[in-house]
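J.: Please find run_36.cif (mmCIF, C-alpha atoms) on the next line:
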data_upload
loop_
_atom_site.label_atom_id
_atom_site.label_comp_id
_atom_site.auth_asym_id
_atom_site.auth_seq_id
_atom_site.Cartn_x
_atom_site.Cartn_y
_atom_site.Cartn_z
CA MET A 1 188.34 130.54 92.47
CA TYR A 2 185.92 132.44 90.27
CA GLN A 3 182.35 131.14 90.25
CA THR A 4 181.49 130.19 86.67
CA GLN A 5 178.34 128.11 87.05
CA ASP A 6 174.70 128.79 88.04
CA LEU A 7 175.24 132.55 88.06
CA HIS A 8 171.62 133.08 87.09
CA VAL A 9 170.03 129.98 88.69
CA VAL A 10 168.25 130.57 91.98
CA GLU A 11 166.57 127.19 92.53
CA ASN A 12 166.46 123.56 91.39
CA ARG A 13 163.32 121.67 92.40
CA PRO A 14 162.94 117.89 92.03
CA LEU A 15 160.84 116.87 89.03
CA LEU A 16 158.46 113.93 89.29
CA ALA A 17 159.78 111.00 87.23
CA PRO A 18 157.56 110.02 84.28
CA ASN A 19 157.01 106.49 85.59
CA GLN A 20 155.79 107.89 88.90
CA LEU A 21 153.06 109.88 87.17
CA LEU A 22 152.17 107.03 84.81
CA THR A 23 151.79 104.75 87.82
CA GLN A 24 149.58 107.26 89.62
CA LEU A 25 147.48 107.89 86.48
CA PRO A 26 147.79 104.78 84.30
CA LEU A 27 146.63 104.46 80.73
CA THR A 28 143.39 102.46 80.69
CA GLU A 29 142.37 99.95 78.04
CA THR A 30 139.65 102.35 76.90
CA ALA A 31 142.10 105.22 76.49
CA ALA A 32 144.73 103.07 74.77
CA ALA A 33 142.20 101.75 72.25
CA LEU A 34 140.90 105.25 71.46
CA VAL A 35 144.40 106.69 71.00
CA ALA A 36 145.63 103.82 68.80
CA GLN A 37 142.50 103.74 66.64
CA THR A 38 142.43 107.52 66.20
CA ARG A 39 146.10 107.58 65.17
CA ASP A 40 145.32 104.94 62.54
CA HIS A 41 142.33 106.95 61.30
CA ILE A 42 144.51 110.06 61.01
CA ARG A 43 147.19 108.18 59.06
CA ASN A 44 144.51 106.91 56.67
CA ILE A 45 143.18 110.44 56.19
CA MET A 46 146.73 111.71 55.59
CA HIS A 47 147.17 109.21 52.77
CA ASN A 48 143.68 109.74 51.33
CA GLU A 49 142.63 106.20 52.20
CA ASP A 50 139.89 107.67 54.40
CA ARG A 51 137.91 110.41 52.62
CA ARG A 52 136.89 112.12 55.85
CA LEU A 53 138.62 115.27 57.13
CA LEU A 54 140.64 115.57 60.32
CA VAL A 55 139.44 118.41 62.55
CA ILE A 56 141.64 119.63 65.42
CA VAL A 57 139.35 121.89 67.42
CA GLY A 58 139.40 123.32 70.92
CA PRO A 59 140.76 126.08 73.14
CA CYS A 60 143.88 127.99 72.20
CA SER A 61 145.17 126.78 75.56
CA VAL A 62 143.79 124.98 78.59
CA HIS A 63 143.98 126.98 81.81
CA ASP A 64 140.93 125.55 83.60
CA VAL A 65 140.54 121.77 83.38
CA ASP A 66 136.89 121.92 84.53
CA ALA A 67 135.96 124.30 81.71
CA ALA A 68 137.95 122.17 79.25
CA TYR A 69 135.99 119.08 80.30
CA ASP A 70 132.66 120.91 80.03
CA TYR A 71 133.68 121.97 76.51
CA ALA A 72 134.65 118.37 75.72
CA GLN A 73 131.22 117.09 76.76
CA GLN A 74 129.68 119.24 74.03
CA LEU A 75 132.38 118.53 71.47
CA VAL A 76 132.09 114.75 71.82
CA GLN A 77 128.44 115.02 70.76
CA LEU A 78 129.55 116.79 67.58
CA ARG A 79 132.25 114.16 67.05
CA ASN A 80 129.62 111.42 67.20
CA ARG A 81 127.15 113.35 65.02
CA TYR A 82 129.61 113.90 62.18
CA SER A 83 131.70 110.74 62.53
CA GLU A 84 131.00 109.65 58.95
CA GLN A 85 132.46 112.87 57.53
CA LEU A 86 134.92 114.14 60.14
CA GLU A 87 137.51 112.76 62.54
CA ILE A 88 137.13 115.32 65.33
CA VAL A 89 139.98 115.52 67.83
CA MET A 90 140.03 118.01 70.69
CA ARG A 91 142.80 120.58 70.74
CA VAL A 92 144.26 120.31 74.27
CA TYR A 93 147.25 122.64 74.46
CA PHE A 94 149.18 122.67 77.74
CA GLU A 95 152.34 124.49 76.60
CA LYS A 96 152.43 127.90 74.95
CA PRO A 97 155.42 129.29 73.05
CA ARG A 98 155.78 133.01 73.73
CA THR A 99 157.12 135.62 71.30
CA SER A 100 158.49 137.59 74.25
CA ILE A 101 156.98 136.95 77.68
CA GLY A 102 153.69 135.69 79.07
CA TRP A 103 151.95 132.72 80.65
CA LYS A 104 153.57 129.53 79.33
CA GLY A 105 150.70 127.16 79.85
CA LEU A 106 149.03 124.82 82.33
CA ILE A 107 152.03 122.54 82.76
CA ASN A 108 154.42 125.42 83.48
CA ASP A 109 152.15 127.47 85.75
CA PRO A 110 148.91 125.63 86.56
CA HIS A 111 147.82 128.03 89.30
CA LEU A 112 148.24 131.16 87.10
CA ASP A 113 150.13 132.84 89.91
CA GLY A 114 153.82 132.47 89.07
CA SER A 115 154.33 129.55 91.46
CA TYR A 116 155.42 127.28 88.58
CA ASP A 117 154.13 124.09 90.19
CA ILE A 118 155.18 121.98 87.21
CA ASN A 119 154.66 118.64 88.96
CA GLU A 120 151.02 119.58 89.56
CA GLY A 121 150.74 120.92 86.01
CA LEU A 122 151.86 117.57 84.61
CA ARG A 123 149.39 115.74 86.85
CA LEU A 124 146.49 117.98 85.83
CA ALA A 125 147.38 117.63 82.16
CA ARG A 126 147.55 113.84 82.23
CA LYS A 127 144.38 113.52 84.30
CA LEU A 128 142.44 115.67 81.82
CA LEU A 129 143.70 113.66 78.84
CA LEU A 130 142.62 110.41 80.50
CA ASP A 131 139.22 111.87 81.37
CA LEU A 132 138.71 112.97 77.76
CA ALA A 133 139.67 109.53 76.48
CA GLU A 134 137.18 107.87 78.84
CA LEU A 135 134.59 110.28 77.45
CA GLY A 136 135.40 109.00 73.95
CA LEU A 137 137.19 112.14 72.80
CA PRO A 138 140.78 111.86 71.48
CA ALA A 139 143.21 114.70 72.11
CA ALA A 140 145.75 116.71 70.16
CA THR A 141 148.44 119.03 71.50
CA GLU A 142 151.58 120.96 70.65
CA LEU A 143 154.66 119.52 72.31
CA LEU A 144 157.09 122.25 73.24
CA ASP A 145 159.45 120.99 75.94
CA PRO A 146 161.22 117.80 74.77
CA ILE A 147 160.80 116.24 78.22
CA THR A 148 157.00 116.61 78.25
CA PRO A 149 156.22 113.64 75.94
CA GLN A 150 157.44 111.21 78.58
CA TYR A 151 154.51 112.29 80.76
CA ILE A 152 151.58 112.62 78.34
CA ALA A 153 152.40 111.39 74.81
CA ASP A 154 150.78 107.97 75.32
CA VAL A 155 147.38 109.73 75.55
CA ILE A 156 147.87 111.99 72.51
CA ALA A 157 146.49 111.10 69.07
CA TRP A 158 148.04 113.97 67.06
CA THR A 159 150.75 116.53 67.74
CA ALA A 160 151.72 119.88 66.26
CA ILE A 161 155.19 121.31 65.92
CA GLY A 162 154.56 125.04 65.94
CA ALA A 163 155.60 127.89 63.69
CA ARG A 164 158.26 129.03 66.15
CA THR A 165 159.78 125.57 66.68
CA THR A 166 159.54 123.92 63.27
CA GLU A 167 163.10 125.09 62.51
CA SER A 168 164.44 123.74 65.81
CA GLN A 169 166.73 120.73 65.60
CA THR A 170 165.64 119.72 69.10
CA HIS A 171 161.99 119.51 68.03
CA ARG A 172 162.78 117.68 64.81
CA GLU A 173 164.70 115.10 66.81
CA MET A 174 161.89 114.82 69.33
CA ALA A 175 159.36 114.38 66.52
CA SER A 176 161.42 111.55 65.05
CA GLY A 177 160.68 109.47 68.15
CA LEU A 178 157.03 110.34 68.73
CA SER A 179 154.41 107.65 68.17
CA MET A 180 151.63 109.75 66.65
CA PRO A 181 151.13 111.67 63.37
CA ILE A 182 152.60 115.17 63.46
CA GLY A 183 151.61 118.43 61.78
CA PHE A 184 154.45 120.83 61.04
CA LYS A 185 153.36 124.45 60.69
CA ASN A 186 154.91 126.83 58.19
CA ASN A 187 157.02 129.37 60.07
CA THR A 188 155.84 132.84 61.04
CA ASN A 189 157.17 134.51 57.89
CA GLY A 190 154.99 132.17 55.81
CA SER A 191 157.77 130.08 54.28
CA LEU A 192 157.04 126.39 53.73
CA GLN A 193 160.70 125.40 53.49
CA ALA A 194 161.29 125.06 57.23
CA ALA A 195 158.26 122.81 57.61
CA SER A 196 159.20 120.58 54.67
CA ASN A 197 162.76 120.36 55.99
CA ALA A 198 161.33 119.41 59.38
CA MET A 199 159.14 116.69 57.86
CA LEU A 200 162.18 115.24 56.11
CA ALA A 201 164.43 115.49 59.17
CA ALA A 202 161.85 113.96 61.52
CA SER A 203 161.37 111.00 59.19
CA GLN A 204 164.99 109.96 59.75
CA PRO A 205 166.62 108.21 62.76
CA HIS A 206 168.24 110.44 65.39
CA HIS A 207 170.27 110.16 68.58
CA PHE A 208 169.93 112.90 71.20
CA LEU A 209 169.85 113.71 74.91
CA GLY A 210 166.68 113.12 76.87
CA ILE A 211 165.27 111.39 79.93
CA ASN A 212 163.95 107.87 80.45
CA GLY A 213 160.91 106.72 82.38
CA ASP A 214 162.79 106.86 85.66
CA GLY A 215 163.71 110.49 85.03
CA HIS A 216 167.39 109.74 84.42
CA ALA A 217 169.35 111.52 81.71
CA SER A 218 169.67 109.21 78.74
CA ILE A 219 170.73 108.92 75.11
CA VAL A 220 167.58 108.53 73.03
CA SER A 221 167.75 106.67 69.72
CA THR A 222 164.79 106.85 67.32
CA THR A 223 163.61 105.17 64.13
CA GLY A 224 162.21 108.33 62.54
CA ASN A 225 158.55 109.24 62.11
CA ALA A 226 157.25 109.23 58.54
CA ASP A 227 153.75 110.37 59.57
CA GLY A 228 154.41 114.09 59.14
CA HIS A 229 152.31 116.59 57.20
CA LEU A 230 152.17 120.32 56.54
CA VAL A 231 149.90 122.78 58.36
CA LEU A 232 149.28 126.09 56.59
CA ARG A 233 148.77 128.85 59.16
CA GLY A 234 149.57 132.00 57.16
CA GLY A 235 152.50 134.32 57.80
CA LYS A 236 153.76 137.87 57.75
CA GLN A 237 152.90 138.12 54.06
CA GLY A 238 149.27 137.24 54.77
CA PRO A 239 147.00 134.17 54.64
CA ASN A 240 147.89 131.01 52.69
CA TYR A 241 144.65 129.01 52.71
CA ALA A 242 143.29 129.88 49.24
CA ARG A 243 143.10 127.18 46.58
CA SER A 244 146.18 128.58 44.82
CA HIS A 245 148.19 128.42 48.05
CA VAL A 246 147.06 124.87 48.79
CA GLU A 247 147.82 123.62 45.29
CA SER A 248 151.21 125.33 45.22
CA ALA A 249 152.14 123.84 48.60
CA ALA A 250 150.99 120.36 47.57
CA LYS A 251 153.07 120.55 44.40
CA ALA A 252 156.16 121.65 46.34
CA LEU A 253 155.75 118.80 48.81
CA ALA A 254 155.25 116.21 46.07
CA GLU A 255 158.43 117.38 44.34
CA GLN A 256 160.30 116.58 47.57
CA ASN A 257 158.60 113.17 47.86
CA LEU A 258 156.75 114.38 50.95
CA ASN A 259 153.09 113.88 51.81
CA PRO A 260 151.16 116.43 49.71
CA ARG A 261 148.04 116.28 51.87
CA ILE A 262 147.67 119.49 53.87
CA MET A 263 145.88 120.76 56.98
CA VAL A 264 144.74 124.39 57.11
CA ASP A 265 144.82 126.34 60.38
CA CYS A 266 141.76 128.61 60.35
CA SER A 267 143.27 130.83 63.04
CA HIS A 268 146.53 132.75 63.50
CA ALA A 269 147.80 134.64 60.43
CA ASN A 270 145.19 132.96 58.21
CA ALA A 271 142.52 134.82 60.20
CA ASP A 272 144.64 137.94 60.57
CA LYS A 273 144.49 137.27 64.33
CA ASP A 274 140.72 137.92 64.31
CA HIS A 275 138.94 134.88 65.75
CA ASN A 276 135.74 135.73 63.89
CA ARG A 277 137.53 135.37 60.56
CA GLN A 278 138.02 131.67 61.25
CA VAL A 279 134.50 131.32 59.86
CA VAL A 280 135.60 132.96 56.59
CA VAL A 281 138.60 130.66 56.31
CA LEU A 282 136.44 127.61 57.01
CA ASP A 283 133.96 128.73 54.33
CA ASN A 284 136.77 128.80 51.78
CA ILE A 285 138.12 125.39 52.81
CA ALA A 286 134.65 123.85 52.72
CA GLU A 287 134.19 125.15 49.17
CA GLN A 288 137.52 123.68 48.11
CA VAL A 289 136.45 120.32 49.56
CA ARG A 290 133.05 120.60 47.90
CA GLN A 291 134.78 121.15 44.56
CA GLY A 292 136.75 117.94 45.03
CA SER A 293 140.15 119.10 46.27
CA GLN A 294 142.36 116.09 47.00
CA HIS A 295 144.99 118.15 48.81
CA ILE A 296 143.13 119.13 51.99
CA SER A 297 143.29 116.58 54.79
CA GLY A 298 141.91 118.68 57.62
CA VAL A 299 141.49 121.93 59.50
CA MET A 300 142.36 123.43 62.86
CA ILE A 301 139.95 125.70 64.75
CA GLU A 302 140.46 127.63 67.99
CA SER A 303 137.22 127.29 69.93
CA HIS A 304 135.97 127.45 73.50
CA LEU A 305 132.72 127.73 75.43
CA ILE A 306 132.74 131.54 75.26
CA ALA A 307 133.96 133.61 72.30
CA GLY A 308 136.92 135.98 72.52
CA ASN A 309 139.66 136.09 75.14
CA GLN A 310 140.52 137.79 78.42
CA PRO A 311 143.62 138.87 80.34
CA ILE A 312 144.65 136.98 83.46
CA ALA A 313 143.01 138.91 86.29
CA GLU A 314 144.71 139.54 89.62
CA ASP A 315 141.60 138.03 91.20
CA LEU A 316 141.40 134.68 89.42
CA LYS A 317 137.78 134.30 90.57
CA ALA A 318 136.94 137.19 88.23
CA LEU A 319 137.91 135.18 85.14
CA THR A 320 135.07 134.39 82.76
CA TYR A 321 134.46 130.65 82.86
CA GLY A 322 135.16 128.94 79.55
CA GLN A 323 136.91 131.88 77.85
CA SER A 324 140.49 131.78 76.59
CA ILE A 325 143.31 133.62 78.36
CA THR A 326 145.57 133.36 75.29
CA ASP A 327 144.35 133.71 71.67
CA ALA A 328 140.70 134.56 71.09
CA CYS A 329 138.40 131.68 70.13
CA VAL A 330 135.02 131.23 68.48
CA ASP A 331 132.30 129.94 70.80
CA ILE A 332 130.92 126.41 70.84
CA ASP A 333 127.72 127.33 68.99
CA THR A 334 129.70 128.90 66.13
CA THR A 335 131.94 125.83 66.17
CA ALA A 336 128.91 123.57 65.73
CA LEU A 337 127.83 125.55 62.65
CA MET A 338 131.35 125.40 61.21
CA LEU A 339 131.55 121.64 61.68
CA GLU A 340 128.10 121.17 60.14
CA GLN A 341 129.23 123.11 57.07
CA LEU A 342 132.45 121.13 56.77
CA ALA A 343 130.66 117.81 57.15
CA SER A 344 128.17 118.85 54.48
CA ALA A 345 131.02 119.69 52.11
CA VAL A 346 132.58 116.26 52.66
CA SER A 347 129.24 114.56 51.99
CA GLN A 348 128.72 116.53 48.78
CA SER A 349 132.25 115.80 47.62
CA SER A 350 131.76 112.08 48.24
CA LYS A 351 128.48 112.05 46.30
CA THR A 352 130.11 113.86 43.38
CA ALA A 353 133.01 111.42 43.38
CA SER A 354 130.60 108.44 43.46
CA VAL A 355 128.65 109.82 40.48
CA GLY A 356 131.90 110.34 38.61
CA ARG A 357 133.02 106.75 39.24
CA ALA A 358 129.64 105.42 38.20
CA SER A 359 129.78 107.40 34.92
CA GLN A 360 133.24 106.03 34.16
CA ALA A 361 132.13 102.48 34.89
CA SER A 362 129.18 102.79 32.50
#
Show this structure as structure tokens.
T.:
Amino acid sequence: MYQTQDLHVVENRPLLAPNQLLTQLPLTETAAALVAQTRDHIRNIMHNEDRRLLVIVGPCSVHDVDAAYDYAQQLVQLRNRYSEQLEIVMRVYFEKPRTSIGWKGLINDPHLDGSYDINEGLRLARKLLLDLAELGLPAATELLDPITPQYIADVIAWTAIGARTTESQTHREMASGLSMPIGFKNNTNGSLQAASNAMLAASQPHHFLGINGDGHASIVSTTGNADGHLVLRGGKQGPNYARSHVESAAKALAEQNLNPRIMVDCSHANADKDHNRQVVVLDNIAEQVRQGSQHISGVMIESHLIAGNQPIAEDLKALTYGQSITDACVDIDTTALMLEQLASAVSQSSKTASVGRASQAS
């Protein structure tokens, strides 16, 4: 008989069941409270019931959990300093979509050596998320593999569906069952249609194949997740963060009865893939906020301890500590200045709005 199956499969390794990992690294009361409260804060910001801005900031990807924690210890101070103006959530990305080939993230290859120790990657990811929560710092991520949420989603306050996956039916179905607010990025050509379609699709109930807590294949049924919003990240036609882009996008969303409040990604095509231009994008967004824009709900910034990025070295000990191995980032000092500027813009906008209300009342 002809062989027709597994022609290109060389190995199947057992995968740790989600409940096994959750038992080894349980969600604490402290972490659960932080996650639940932050999700509520984000929903309030999305619906303009909280006038602060949501800030998703952190490394393009996590490859060294020690460096990520050191970064978090500095970021949590900024979160506390600007808590009245900003809801700061650390960007903690463990999975990386690749245009062609490349390192796929901490969960897929935690040792950076092609050993693909996914069980250890999942353990490291969950442990870091719990450590951040105990520190008082909520986390955001991009969920790529539809199985991954079973292992870490209970410790995530906000999730992105990326530019390459926003058109994917699998990711729209997954999003419909997630418990946190979700940002859908416009796709890489700059079109908003895929993201708005994704927001609509994810808000509806779905039935699809997945796994349960015991790791068994299952049929997953969801209620739909209405807490979706658009993330503008630019595209092949150029940036889309200017006031005209934001207003046009908000109008298009409102016409589809979708949430018109928008997050702007300061990196990627909006920065023309130059990490230093994130500062320019942030300047523009801060000015829009200062002028009273009601459409902007938040920003995303790629940031790490050390600016720039580096290739994965054959000798891993030669890697620069605290510097990205994927997209280039601004450093933590630049990040602090950016957050100060954004917080100032929120404060000025609130003062202007208060004066305006007082004038109307009189």
J.: Which residue gives the smallest distance to Arg79 (chain A) among A:Val57, A:Lys185, A:Ile285, A:Asp50, with all atoms listed in the file counted?
T.: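 Smallest separation from Arg79 (chain A) among the options: A:Val57.
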J.: Which residues fall under the PyMOL selection byres ((chain A and resi 233-249) around 9) in this file, as a ChimeraX atom specification?
T.: /A:163,185-192,230-232,250-254,260,262-272,281,284-285,288,293,295-296
J.: What does the file look like for those residues with C-alpha atoms, as a CSV table (one decimal), in the coordinates of the input?
T.:
chain,number,residue,atom,x,y,z
A,163,ALA,CA,155.6,127.9,63.7
A,185,LYS,CA,153.4,124.4,60.7
A,186,ASN,CA,154.9,126.8,58.2
A,187,ASN,CA,157.0,129.4,60.1
A,188,THR,CA,155.8,132.8,61.0
A,189,ASN,CA,157.2,134.5,57.9
A,190,GLY,CA,155.0,132.2,55.8
A,191,SER,CA,157.8,130.1,54.3
A,192,LEU,CA,157.0,126.4,53.7
A,230,LEU,CA,152.2,120.3,56.5
A,231,VAL,CA,149.9,122.8,58.4
A,232,LEU,CA,149.3,126.1,56.6
A,250,ALA,CA,151.0,120.4,47.6
A,251,LYS,CA,153.1,120.6,44.4
A,252,ALA,CA,156.2,121.6,46.3
A,253,LEU,CA,155.8,118.8,48.8
A,254,ALA,CA,155.2,116.2,46.1
A,260,PRO,CA,151.2,116.4,49.7
A,262,ILE,CA,147.7,119.5,53.9
A,263,MET,CA,145.9,120.8,57.0
A,264,VAL,CA,144.7,124.4,57.1
A,265,ASP,CA,144.8,126.3,60.4
A,266,CYS,CA,141.8,128.6,60.4
A,267,SER,CA,143.3,130.8,63.0
A,268,HIS,CA,146.5,132.8,63.5
A,269,ALA,CA,147.8,134.6,60.4
A,270,ASN,CA,145.2,133.0,58.2
A,271,ALA,CA,142.5,134.8,60.2
A,272,ASP,CA,144.6,137.9,60.6
A,281,VAL,CA,138.6,130.7,56.3
A,284,ASN,CA,136.8,128.8,51.8
A,285,ILE,CA,138.1,125.4,52.8
A,288,GLN,CA,137.5,123.7,48.1
A,293,SER,CA,140.2,119.1,46.3
A,295,HIS,CA,145.0,118.2,48.8
A,296,ILE,CA,143.1,119.1,52.0
J.: CA of Phe184 (chain A) to CA of Cys329 (chain A): how many Å, to one decimal?
T.: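 CA of Cys329 (chain A) lies 21.4 Å from CA of Phe184 (chain A).
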J.: Would you mind reading off the distance between CA of Asp333 (chain A) and CA of Thr141 (chain A), one decimal, in Å?
T.: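 These two atoms are separated by 22.5 Å.
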J.: Show me the residues close to (152.2, 131.2, 79.4) - anything with an atom within 10 Å, counting only C-alpha atoms - and format the list as a ChimeraX atom specification.
T.: /A:61,63,94-98,101-110,112,114,325-326
J.: Excluding region 124-138 of chain A and residues on its chain fewer than 3 positions from it, collect all residues at most 10 Å away from it, counting only C-alpha atoms, and give them as a PyMOL selection string.
T.: chain A and resi 21-22+24-39+56+62-66+68-69+72-73+75-77+79-80+87-94+106-107+110+118-121+151-158
J.: For the file shown, what are the residues hit by the PyMOL selection byres ((chain A and resi 198) around 10), laid out as a PyMOL selection string?
T.: chain A and resi 161+165-169+171-173+175-176+184-186+192-197+199-203+228-230
J.: So what do you get for CA of Val330 (chain A) versus CA of Lys273 (chain A), distance-wise?
T.: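 A separation of 12.0 Å between them.
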J.: Would you mind listing what lies within 10 Å of Ala336 (chain A) as an mmCIF file with C-alpha atoms, in the coordinates of the input, with only C-alpha atoms counted and same-chain residues fewer than 3 positions away left out?
T.:
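Result file is out_18.cif:
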data_model
loop_
_atom_site.group_PDB
_atom_site.id
_atom_site.type_symbol
_atom_site.label_atom_id
_atom_site.label_comp_id
_atom_site.auth_asym_id
_atom_site.auth_seq_id
_atom_site.Cartn_x
_atom_site.Cartn_y
_atom_site.Cartn_z
ATOM 1 C CA GLN A 74 129.680 119.240 74.030
ATOM 2 C CA LEU A 75 132.380 118.530 71.470
ATOM 3 C CA GLN A 77 128.440 115.020 70.760
ATOM 4 C CA LEU A 78 129.550 116.790 67.580
ATOM 5 C CA ASP A 331 132.300 129.940 70.800
ATOM 6 C CA ILE A 332 130.920 126.410 70.840
ATOM 7 C CA ASP A 333 127.720 127.330 68.990
ATOM 8 C CA LEU A 339 131.550 121.640 61.680
ATOM 9 C CA GLU A 340 128.100 121.170 60.140
ATOM 10 C CA GLN A 341 129.230 123.110 57.070
ATOM 11 C CA LEU A 342 132.450 121.130 56.770
#
J.: From the set A:His111, A:Arg13, A:Arg51, A:Arg277, which residue has the shortest atom-to-atom contact distance to Arg261 (chain A), counting only C-alpha atoms?
T.: A:Arg51
J.: For Ala345 (chain A), which residue out of A:Val279, A:Ile147, A:Leu53, A:Val10 is the nearest one, using all atoms listed in the file?
T.: A:Leu53
J.: Report as a ChimeraX atom specification the residues that result from applying the PyMOL selection byres ((chain A and resi 323) around 6) to the structure here.
T.: /A:306,309,320-322,324
J.: Just give me the residues with any atom within 8 Å of (170.7, 105.8, 72.8), file coordinates, counting only C-alpha atoms, written as a list in words.
T.: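 Residues with an atom close enough to that point: His207, Phe208, Ser218, Ile219, Val220 and Ser221 of chain A.
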J.: Residues within 9 Å of Arg43 (chain A), please, as a ChimeraX atom specification. Count all atoms listed in the file; anything in the same chain fewer than 6 positions from it doesn't count.
T.: /A:49-50,180-181,227
J.: Can you sort out region 167-186 of chain A so it carries N, CA and C atoms, written as an mmCIF file, keeping the file's coordinate frame?
T.:
data_model
loop_
_atom_site.group_PDB
_atom_site.id
_atom_site.type_symbol
_atom_site.label_atom_id
_atom_site.label_comp_id
_atom_site.auth_asym_id
_atom_site.auth_seq_id
_atom_site.Cartn_x
_atom_site.Cartn_y
_atom_site.Cartn_z
ATOM 1 N N GLU A 167 161.710 125.029 62.958
ATOM 2 C CA GLU A 167 163.100 125.090 62.510
ATOM 3 C C GLU A 167 164.071 124.524 63.536
ATOM 4 N N SER A 168 163.577 124.171 64.707
ATOM 5 C CA SER A 168 164.440 123.740 65.810
ATOM 6 C C SER A 168 164.901 122.300 65.623
ATOM 7 N N GLN A 169 166.191 122.088 65.683
ATOM 8 C CA GLN A 169 166.730 120.730 65.600
ATOM 9 C C GLN A 169 166.221 119.869 66.748
ATOM 10 N N THR A 170 166.131 120.458 67.929
ATOM 11 C CA THR A 170 165.640 119.720 69.100
ATOM 12 C C THR A 170 164.245 119.161 68.850
ATOM 13 N N HIS A 171 163.365 119.961 68.252
ATOM 14 C CA HIS A 171 161.990 119.510 68.030
ATOM 15 C C HIS A 171 161.888 118.532 66.860
ATOM 16 N N ARG A 172 162.748 118.669 65.892
ATOM 17 C CA ARG A 172 162.780 117.680 64.810
ATOM 18 C C ARG A 172 163.246 116.329 65.331
ATOM 19 N N GLU A 173 164.231 116.340 66.208
ATOM 20 C CA GLU A 173 164.700 115.100 66.810
ATOM 21 C C GLU A 173 163.621 114.485 67.681
ATOM 22 N N MET A 174 162.986 115.300 68.503
ATOM 23 C CA MET A 174 161.890 114.820 69.330
ATOM 24 C C MET A 174 160.801 114.185 68.473
ATOM 25 N N ALA A 175 160.422 114.874 67.399
ATOM 26 C CA ALA A 175 159.360 114.380 66.520
ATOM 27 C C ALA A 175 159.712 113.027 65.910
ATOM 28 N N SER A 176 160.996 112.803 65.676
ATOM 29 C CA SER A 176 161.420 111.550 65.050
ATOM 30 C C SER A 176 161.142 110.340 65.943
ATOM 31 N N GLY A 177 160.943 110.565 67.241
ATOM 32 C CA GLY A 177 160.680 109.470 68.150
ATOM 33 C C GLY A 177 159.255 109.396 68.652
ATOM 34 N N LEU A 178 158.413 110.353 68.261
ATOM 35 C CA LEU A 178 157.030 110.340 68.730
ATOM 36 C C LEU A 178 156.219 109.262 68.021
ATOM 37 N N SER A 179 155.169 108.799 68.669
ATOM 38 C CA SER A 179 154.410 107.650 68.170
ATOM 39 C C SER A 179 153.159 108.019 67.395
ATOM 40 N N MET A 180 152.872 109.322 67.298
ATOM 41 C CA MET A 180 151.630 109.750 66.650
ATOM 42 C C MET A 180 151.932 110.578 65.397
ATOM 43 N N PRO A 181 150.954 110.752 64.494
ATOM 44 C CA PRO A 181 151.130 111.670 63.370
ATOM 45 C C PRO A 181 151.392 113.089 63.851
ATOM 46 N N ILE A 182 152.164 113.844 63.047
ATOM 47 C CA ILE A 182 152.600 115.170 63.460
ATOM 48 C C ILE A 182 152.358 116.179 62.348
ATOM 49 N N GLY A 183 151.776 117.322 62.712
ATOM 50 C CA GLY A 183 151.610 118.430 61.780
ATOM 51 C C GLY A 183 152.676 119.475 62.010
ATOM 52 N N PHE A 184 153.403 119.804 60.960
ATOM 53 C CA PHE A 184 154.450 120.830 61.040
ATOM 54 C C PHE A 184 153.913 122.114 60.411
ATOM 55 N N LYS A 185 153.879 123.181 61.199
ATOM 56 C CA LYS A 185 153.360 124.450 60.690
ATOM 57 C C LYS A 185 154.433 125.203 59.896
ATOM 58 N N ASN A 186 153.981 125.916 58.841
ATOM 59 C CA ASN A 186 154.910 126.830 58.190
ATOM 60 C C ASN A 186 155.338 127.890 59.199
#
